[in-house]
file protein39.cif (mmCIF, C-alpha atoms)
data_coords
loop_
_atom_site.label_atom_id
_atom_site.label_comp_id
_atom_site.auth_asym_id
_atom_site.auth_seq_id
_atom_site.Cartn_x
_atom_site.Cartn_y
_atom_site.Cartn_z
CA MET L 1 -10.09 15.99 -13.46
CA ASP L 2 -11.29 12.41 -13.69
CA ILE L 3 -9.48 9.30 -12.48
CA SER L 4 -8.00 8.33 -15.87
CA GLN L 5 -6.57 11.84 -16.35
CA SER L 6 -5.15 11.71 -12.84
CA LEU L 7 -3.52 8.31 -13.32
CA ALA L 8 -2.10 9.40 -16.68
CA LEU L 9 0.24 11.70 -14.72
CA ILE L 10 2.16 8.68 -13.39
CA ARG L 11 5.36 8.41 -15.39
CA PRO L 12 7.24 5.18 -16.05
CA ILE L 13 11.00 5.33 -15.42
CA PRO L 14 12.91 2.45 -17.06
CA ASP L 15 15.76 0.69 -15.28
CA PHE L 16 15.11 2.15 -11.84
CA PRO L 17 16.17 1.17 -9.21
CA LYS L 18 17.84 -1.66 -11.16
CA PRO L 19 18.14 -2.59 -14.84
CA GLY L 20 15.01 -4.31 -16.09
CA ILE L 21 12.65 -2.63 -13.58
CA LEU L 22 10.05 -0.17 -14.89
CA PHE L 23 9.50 2.18 -11.93
CA GLN L 24 6.16 3.98 -11.71
CA ASP L 25 6.84 7.55 -10.53
CA ILE L 26 3.79 9.06 -8.80
CA SER L 27 5.49 12.43 -8.14
CA PRO L 28 3.70 14.26 -11.00
CA LEU L 29 0.34 13.01 -9.72
CA LEU L 30 1.13 14.16 -6.18
CA ALA L 31 2.20 17.59 -7.45
CA ASN L 32 -1.19 18.17 -9.06
CA PRO L 33 -3.70 18.93 -6.26
CA GLU L 34 -6.76 18.12 -8.39
CA ALA L 35 -5.32 14.77 -9.50
CA PHE L 36 -4.20 13.95 -5.97
CA ALA L 37 -7.66 14.74 -4.56
CA THR L 38 -9.31 12.60 -7.25
CA VAL L 39 -7.09 9.62 -6.43
CA ILE L 40 -7.58 9.99 -2.67
CA SER L 41 -11.36 10.11 -3.10
CA ALA L 42 -11.27 6.96 -5.22
CA LEU L 43 -9.09 5.09 -2.71
CA ALA L 44 -11.24 6.31 0.20
CA ALA L 45 -14.31 4.74 -1.43
CA VAL L 46 -12.83 1.32 -0.54
CA GLY L 47 -13.16 -0.34 2.87
CA ASP L 48 -16.39 0.41 4.69
CA GLU L 49 -16.66 0.35 8.47
CA ILE L 50 -12.97 0.53 9.31
CA GLU L 51 -11.14 1.94 12.31
CA TYR L 52 -7.74 2.35 10.62
CA VAL L 53 -5.92 2.84 7.38
CA ALA L 54 -2.53 1.13 7.34
CA ALA L 55 -0.02 1.96 4.64
CA LEU L 56 3.39 0.85 3.48
CA ASP L 57 6.69 2.69 3.66
CA ALA L 58 7.18 5.06 1.90
CA ARG L 59 4.93 6.14 -0.98
CA GLY L 60 2.00 4.31 0.58
CA PHE L 61 2.29 6.69 3.55
CA ILE L 62 1.46 9.67 1.34
CA LEU L 63 -1.68 8.00 0.03
CA GLY L 64 -2.69 6.19 3.20
CA SER L 65 -2.45 9.17 5.53
CA ALA L 66 -4.58 11.27 3.15
CA VAL L 67 -7.15 8.45 2.88
CA ALA L 68 -7.25 8.14 6.69
CA LEU L 69 -7.95 11.87 7.01
CA HIS L 70 -10.63 11.65 4.32
CA LYS L 71 -12.30 8.72 6.12
CA LYS L 72 -11.73 10.26 9.59
CA VAL L 73 -10.00 7.15 10.95
CA GLY L 74 -6.59 6.43 12.46
CA PHE L 75 -3.44 5.93 10.41
CA ILE L 76 -0.97 3.08 11.04
CA PRO L 77 2.48 3.13 9.38
CA ILE L 78 4.01 -0.17 8.33
CA ARG L 79 7.72 0.57 8.08
CA LYS L 80 10.86 -0.97 6.72
CA SER L 81 12.98 -2.77 9.31
CA GLY L 82 14.66 -0.67 12.00
CA LYS L 83 12.52 2.46 11.53
CA LEU L 84 9.97 2.04 14.34
CA PRO L 85 11.07 3.01 17.87
CA HIS L 86 8.91 0.65 19.96
CA ALA L 87 8.39 -3.13 20.17
CA THR L 88 7.45 -4.56 16.77
CA PHE L 89 6.33 -7.58 14.82
CA SER L 90 8.29 -8.14 11.61
CA ARG L 91 7.82 -10.06 8.37
CA SER L 92 10.31 -10.71 5.58
CA TYR L 93 9.18 -10.64 1.98
CA SER L 94 10.46 -10.87 -1.58
CA LEU L 95 10.47 -7.92 -3.94
CA GLU L 96 10.63 -7.79 -7.69
CA TYR L 97 14.32 -6.90 -7.18
CA GLY L 98 15.37 -8.44 -3.84
CA GLN L 99 14.42 -9.15 -0.22
CA ASP L 100 13.26 -6.78 2.54
CA GLU L 101 11.47 -6.73 5.88
CA LEU L 102 8.48 -4.79 7.23
CA GLU L 103 7.54 -3.98 10.82
CA ILE L 104 4.51 -2.77 12.73
CA HIS L 105 4.28 -1.65 16.36
CA LYS L 106 2.90 -4.44 18.56
CA ASP L 107 0.48 -1.94 20.11
CA ALA L 108 -0.59 -0.26 16.85
CA MET L 109 -4.21 -1.35 17.18
CA ALA L 110 -6.48 -3.58 19.21
CA ALA L 111 -7.33 -7.13 18.21
CA GLY L 112 -10.46 -7.19 16.10
CA SER L 113 -9.77 -3.79 14.52
CA ARG L 114 -10.88 -3.41 10.91
CA VAL L 115 -8.24 -2.05 8.54
CA LEU L 116 -7.97 -0.74 5.00
CA LEU L 117 -4.47 -1.44 3.66
CA ILE L 118 -3.05 1.07 1.13
CA ASP L 119 0.00 1.04 -1.14
CA ASP L 120 0.96 2.68 -4.40
CA VAL L 121 1.77 -0.34 -6.60
CA LEU L 122 0.89 -4.03 -6.47
CA ALA L 123 3.72 -5.86 -8.24
CA THR L 124 4.71 -9.32 -6.95
CA GLY L 125 2.48 -8.93 -3.89
CA GLY L 126 5.29 -9.41 -1.38
CA THR L 127 4.81 -6.15 0.50
CA LEU L 128 1.01 -6.33 0.66
CA LYS L 129 1.16 -9.97 1.72
CA ALA L 130 3.68 -9.22 4.49
CA ALA L 131 1.63 -6.21 5.63
CA THR L 132 -1.55 -8.29 5.73
CA LEU L 133 0.22 -10.88 7.87
CA LEU L 134 1.56 -8.18 10.21
CA ILE L 135 -1.94 -6.80 10.73
CA GLN L 136 -3.18 -10.34 11.37
CA ASP L 137 -0.30 -10.80 13.87
CA LEU L 138 -2.02 -8.04 15.87
CA GLY L 139 -5.32 -9.93 15.74
CA ALA L 140 -6.81 -7.30 13.41
CA VAL L 141 -8.57 -7.83 10.08
CA VAL L 142 -7.63 -6.41 6.69
CA VAL L 143 -11.07 -5.60 5.29
CA SER L 144 -9.67 -4.53 1.89
CA ALA L 145 -6.44 -3.56 0.20
CA ALA L 146 -6.28 -0.69 -2.30
CA VAL L 147 -3.50 0.39 -4.66
CA LEU L 148 -3.05 3.05 -7.32
CA MET L 149 -1.87 0.55 -9.89
CA GLU L 150 -1.37 -3.15 -10.36
CA ILE L 151 1.30 -4.68 -12.60
CA SER L 152 -0.74 -7.68 -13.68
CA GLU L 153 2.05 -9.70 -15.30
CA LEU L 154 3.85 -9.99 -11.93
CA ALA L 155 0.89 -11.93 -10.42
CA GLY L 156 0.82 -10.14 -7.06
CA ARG L 157 -2.91 -10.67 -6.70
CA ALA L 158 -2.42 -14.45 -7.03
CA ASN L 159 0.39 -14.35 -4.45
CA ILE L 160 -1.85 -12.60 -1.91
CA ALA L 161 -4.77 -14.93 -2.70
CA GLN L 162 -2.71 -17.78 -1.20
CA LEU L 163 -3.35 -16.36 2.29
CA ASP L 164 -6.05 -18.11 4.32
CA SER L 165 -7.83 -14.81 4.86
CA ALA L 166 -6.76 -12.83 1.81
CA PRO L 167 -8.39 -9.41 1.56
CA PRO L 168 -10.17 -8.26 -1.57
CA ILE L 169 -7.85 -6.05 -3.62
CA PHE L 170 -8.94 -2.89 -5.39
CA SER L 171 -6.65 -1.22 -7.94
CA LEU L 172 -7.35 2.07 -9.69
CA THR L 173 -5.58 0.86 -12.83
CA GLN L 174 -3.69 -2.12 -14.21
CA VAL L 175 -0.59 -1.95 -16.38
#
call {"tool": "encode", "arguments": {"input": "protein39.cif", "output": "structure tokens"}}
result
Amino acid sequence: MDISQSLALIRPIPDFPKPGILFQDISPLLANPEAFATVISALAAVGDEIEYVAALDARGFILGSAVALHKKVGFIPIRKSGKLPHATFSRSYSLEYGQDELEIHKDAMAAGSRVLLIDDVLATGGTLKAATLLIQDLGAVVVSAAVLMEISELAGRANIAQLDSAPPIFSLTQV
């Protein structure tokens, strides 16, 4: 199965979680082992010479942990507020449909570590921007960011580009 066939398994769900939002459901892709393997291989091709893959709560965890195993590097979860048990850094961000906060353990990685950041969808860029800042709070470097899909009309890439050290962003598809 090639990448376009794999990505075609993602189904749009209108008005979820709120009216006016077109949710991209990756469950059918994840349920197909050949499609899932194809996507993980494509995401793992991004970010050379890294020590960690960091990924965002919650669907990013599925992709990011598989990419970390594929690349034989450590995995770092970036969680929603209140989910990590140890001392954390936190960053607030805006979503397409509200506000939220992300956290990372203060001891997740050493300063200077090189990181590939993974998520499922790049929409407004709020989550990837907050995650990039959290990794920078640790003194680490986001070498690249990779997502399954990018919703171009929401200008997330432009939002992230405003960072002083914005990572290059790789998306498997744009909608």
call {"tool": "residues_around", "arguments": {"input": "protein39.cif", "residues": "Ile118 of chain L", "least_positions_apart": "5", "cutoff": "6 Å", "atoms": "all atoms listed in the file", "output": "PyMOL selection string"}}
result
chain L and resi 55+64+145-147
call {"tool": "residues_around", "arguments": {"input": "protein39.cif", "residues": "segment 123-128 of chain L", "least_positions_apart": "2", "cutoff": "8 Å", "atoms": "all atoms listed in the file", "output": "MDAnalysis selection string"}}
result
chainID L and resid 56 93:96 102 117 119 121 130:132 145 150:152 154:157 159:160
call {"tool": "closest_residue", "arguments": {"input": "protein39.cif", "among": "L:Asp107, L:Glu34, L:Glu51, L:Asp25", "to": "Ile3 of chain L", "atoms": "all atoms listed in the file"}}
result
L:Glu34
call {"tool": "residues_near_point", "arguments": {"input": "protein39.cif", "point": "(4.5, -1.6, 8.0)", "cutoff": "12 Å", "atoms": "only C-alpha atoms", "output": "PyMOL selection string"}}
result
chain L and resi 53-61+64+75-84+88-93+100-106+108+117-119+127-135+137
call {"tool": "residues_around", "arguments": {"input": "protein39.cif", "residues": "Lys72 of chain L", "least_positions_apart": "6", "cutoff": "12 Å", "atoms": "all atoms listed in the file", "output": "list in words"}}
result
Ala44, Asp48, Glu49, Ile50, Glu51, Tyr52, Val53, Gly64, Ser65 and Ala66 of chain L
call {"tool": "closest_residue", "arguments": {"input": "protein39.cif", "among": "L:Ala87, L:Met149, L:Ala140, L:Ala111", "to": "Ile26 of chain L", "atoms": "all atoms listed in the file"}}
result
L:Met149
call {"tool": "atom_distance", "arguments": {"input": "protein39.cif", "atom1": "atom CA of Val39 of chain L", "atom2": "atom CA of Leu7 of chain L"}}
result
7.9 Å
call {"tool": "atom_distance", "arguments": {"input": "protein39.cif", "atom1": "atom CA of Leu138 of chain L", "atom2": "atom CA of Gly74 of chain L"}}
result
15.6 Å
call {"tool": "resolve_selection", "arguments": {"input": "protein39.cif", "expression": "the PyMOL selection byres ((chain L and resi 40) around 9)", "output": "ChimeraX atom specification"}}
result
/L:35-39,41-45,63-64,66-67,70
call {"tool": "atom_distance", "arguments": {"input": "protein39.cif", "atom1": "atom CA of Asn32 of chain L", "atom2": "atom CA of Leu148 of chain L"}}
result
15.3 Å
call {"tool": "resolve_selection", "arguments": {"input": "protein39.cif", "expression": "the PyMOL selection byres ((chain L and resi 112) around 7)", "output": "PDB file with C-alpha atoms, in the coordinates of the input"}}
result
ATOM      1  CA  ALA L 110      -6.480  -3.580  19.210  1.00  0.00           C
ATOM      2  CA  ALA L 111      -7.330  -7.130  18.210  1.00  0.00           C
ATOM      3  CA  SER L 113      -9.770  -3.790  14.520  1.00  0.00           C
ATOM      4  CA  ARG L 114     -10.880  -3.410  10.910  1.00  0.00           C
ATOM      5  CA  GLY L 139      -5.320  -9.930  15.740  1.00  0.00           C
ATOM      6  CA  ALA L 140      -6.810  -7.300  13.410  1.00  0.00           C
ATOM      7  CA  VAL L 141      -8.570  -7.830  10.080  1.00  0.00           C
TER       8      VAL L 141
END
call {"tool": "closest_residue", "arguments": {"input": "protein39.cif", "among": "L:Val46, L:Leu69, L:Leu122, L:Leu172", "to": "Val143 of chain L", "atoms": "all atoms listed in the file"}}
result
L:Val46
call {"tool": "resolve_selection", "arguments": {"input": "protein39.cif", "expression": "the PyMOL selection byres ((chain L and resi 14-20) around 12)", "output": "PyMOL selection string"}}
result
chain L and resi 11-13+21-25+95-98
call {"tool": "write_last_selection", "arguments": {"input": "protein39.cif", "atoms": "C-alpha atoms", "output": "PDB file, keeping the file's coordinate frame"}}
result
ATOM      1  CA  ARG L  11       5.360   8.410 -15.390  1.00  0.00           C
ATOM      2  CA  PRO L  12       7.240   5.180 -16.050  1.00  0.00           C
ATOM      3  CA  ILE L  13      11.000   5.330 -15.420  1.00  0.00           C
ATOM      4  CA  ILE L  21      12.650  -2.630 -13.580  1.00  0.00           C
ATOM      5  CA  LEU L  22      10.050  -0.170 -14.890  1.00  0.00           C
ATOM      6  CA  PHE L  23       9.500   2.180 -11.930  1.00  0.00           C
ATOM      7  CA  GLN L  24       6.160   3.980 -11.710  1.00  0.00           C
ATOM      8  CA  ASP L  25       6.840   7.550 -10.530  1.00  0.00           C
ATOM      9  CA  LEU L  95      10.470  -7.920  -3.940  1.00  0.00           C
ATOM     10  CA  GLU L  96      10.630  -7.790  -7.690  1.00  0.00           C
ATOM     11  CA  TYR L  97      14.320  -6.900  -7.180  1.00  0.00           C
ATOM     12  CA  GLY L  98      15.370  -8.440  -3.840  1.00  0.00           C
TER      13      GLY L  98
END
call {"tool": "decode", "arguments": {"input": "protein39.cif", "residues": "segment 103-130 of chain L", "atoms": "C-alpha atoms", "output": "PDB file, in the first residue's frame"}}
result
ATOM      1  CA  GLU L 103       3.227  20.158  29.701  1.00  0.00           C
ATOM      2  CA  ILE L 104       6.555  18.360  29.516  1.00  0.00           C
ATOM      3  CA  HIS L 105       8.632  16.915  32.349  1.00  0.00           C
ATOM      4  CA  LYS L 106      11.472  19.267  33.291  1.00  0.00           C
ATOM      5  CA  ASP L 107      13.879  16.319  33.189  1.00  0.00           C
ATOM      6  CA  ALA L 108      12.573  14.782  29.935  1.00  0.00           C
ATOM      7  CA  MET L 109      15.849  15.304  28.083  1.00  0.00           C
ATOM      8  CA  ALA L 110      19.207  16.991  28.379  1.00  0.00           C
ATOM      9  CA  ALA L 111      19.915  20.456  27.029  1.00  0.00           C
ATOM     10  CA  GLY L 112      21.212  20.234  23.484  1.00  0.00           C
ATOM     11  CA  SER L 113      19.180  17.127  22.648  1.00  0.00           C
ATOM     12  CA  ARG L 114      17.928  16.899  19.072  1.00  0.00           C
ATOM     13  CA  VAL L 115      14.222  16.148  18.710  1.00  0.00           C
ATOM     14  CA  LEU L 116      11.744  15.199  15.998  1.00  0.00           C
ATOM     15  CA  LEU L 117       8.295  16.522  16.941  1.00  0.00           C
ATOM     16  CA  ILE L 118       5.277  14.469  15.745  1.00  0.00           C
ATOM     17  CA  ASP L 119       1.540  15.143  15.666  1.00  0.00           C
ATOM     18  CA  ASP L 120      -1.387  13.955  13.599  1.00  0.00           C
ATOM     19  CA  VAL L 121      -2.786  17.236  12.237  1.00  0.00           C
ATOM     20  CA  LEU L 122      -1.388  20.733  11.774  1.00  0.00           C
ATOM     21  CA  ALA L 123      -4.358  23.099  11.953  1.00  0.00           C
ATOM     22  CA  THR L 124      -3.824  26.547  13.527  1.00  0.00           C
ATOM     23  CA  GLY L 125      -0.345  25.570  14.725  1.00  0.00           C
ATOM     24  CA  GLY L 126      -1.069  26.241  18.388  1.00  0.00           C
ATOM     25  CA  THR L 127      -0.151  22.789  19.690  1.00  0.00           C
ATOM     26  CA  LEU L 128       3.010  22.395  17.605  1.00  0.00           C
ATOM     27  CA  LYS L 129       4.117  25.919  18.500  1.00  0.00           C
ATOM     28  CA  ALA L 130       3.563  25.305  22.236  1.00  0.00           C
TER      29      ALA L 130
END
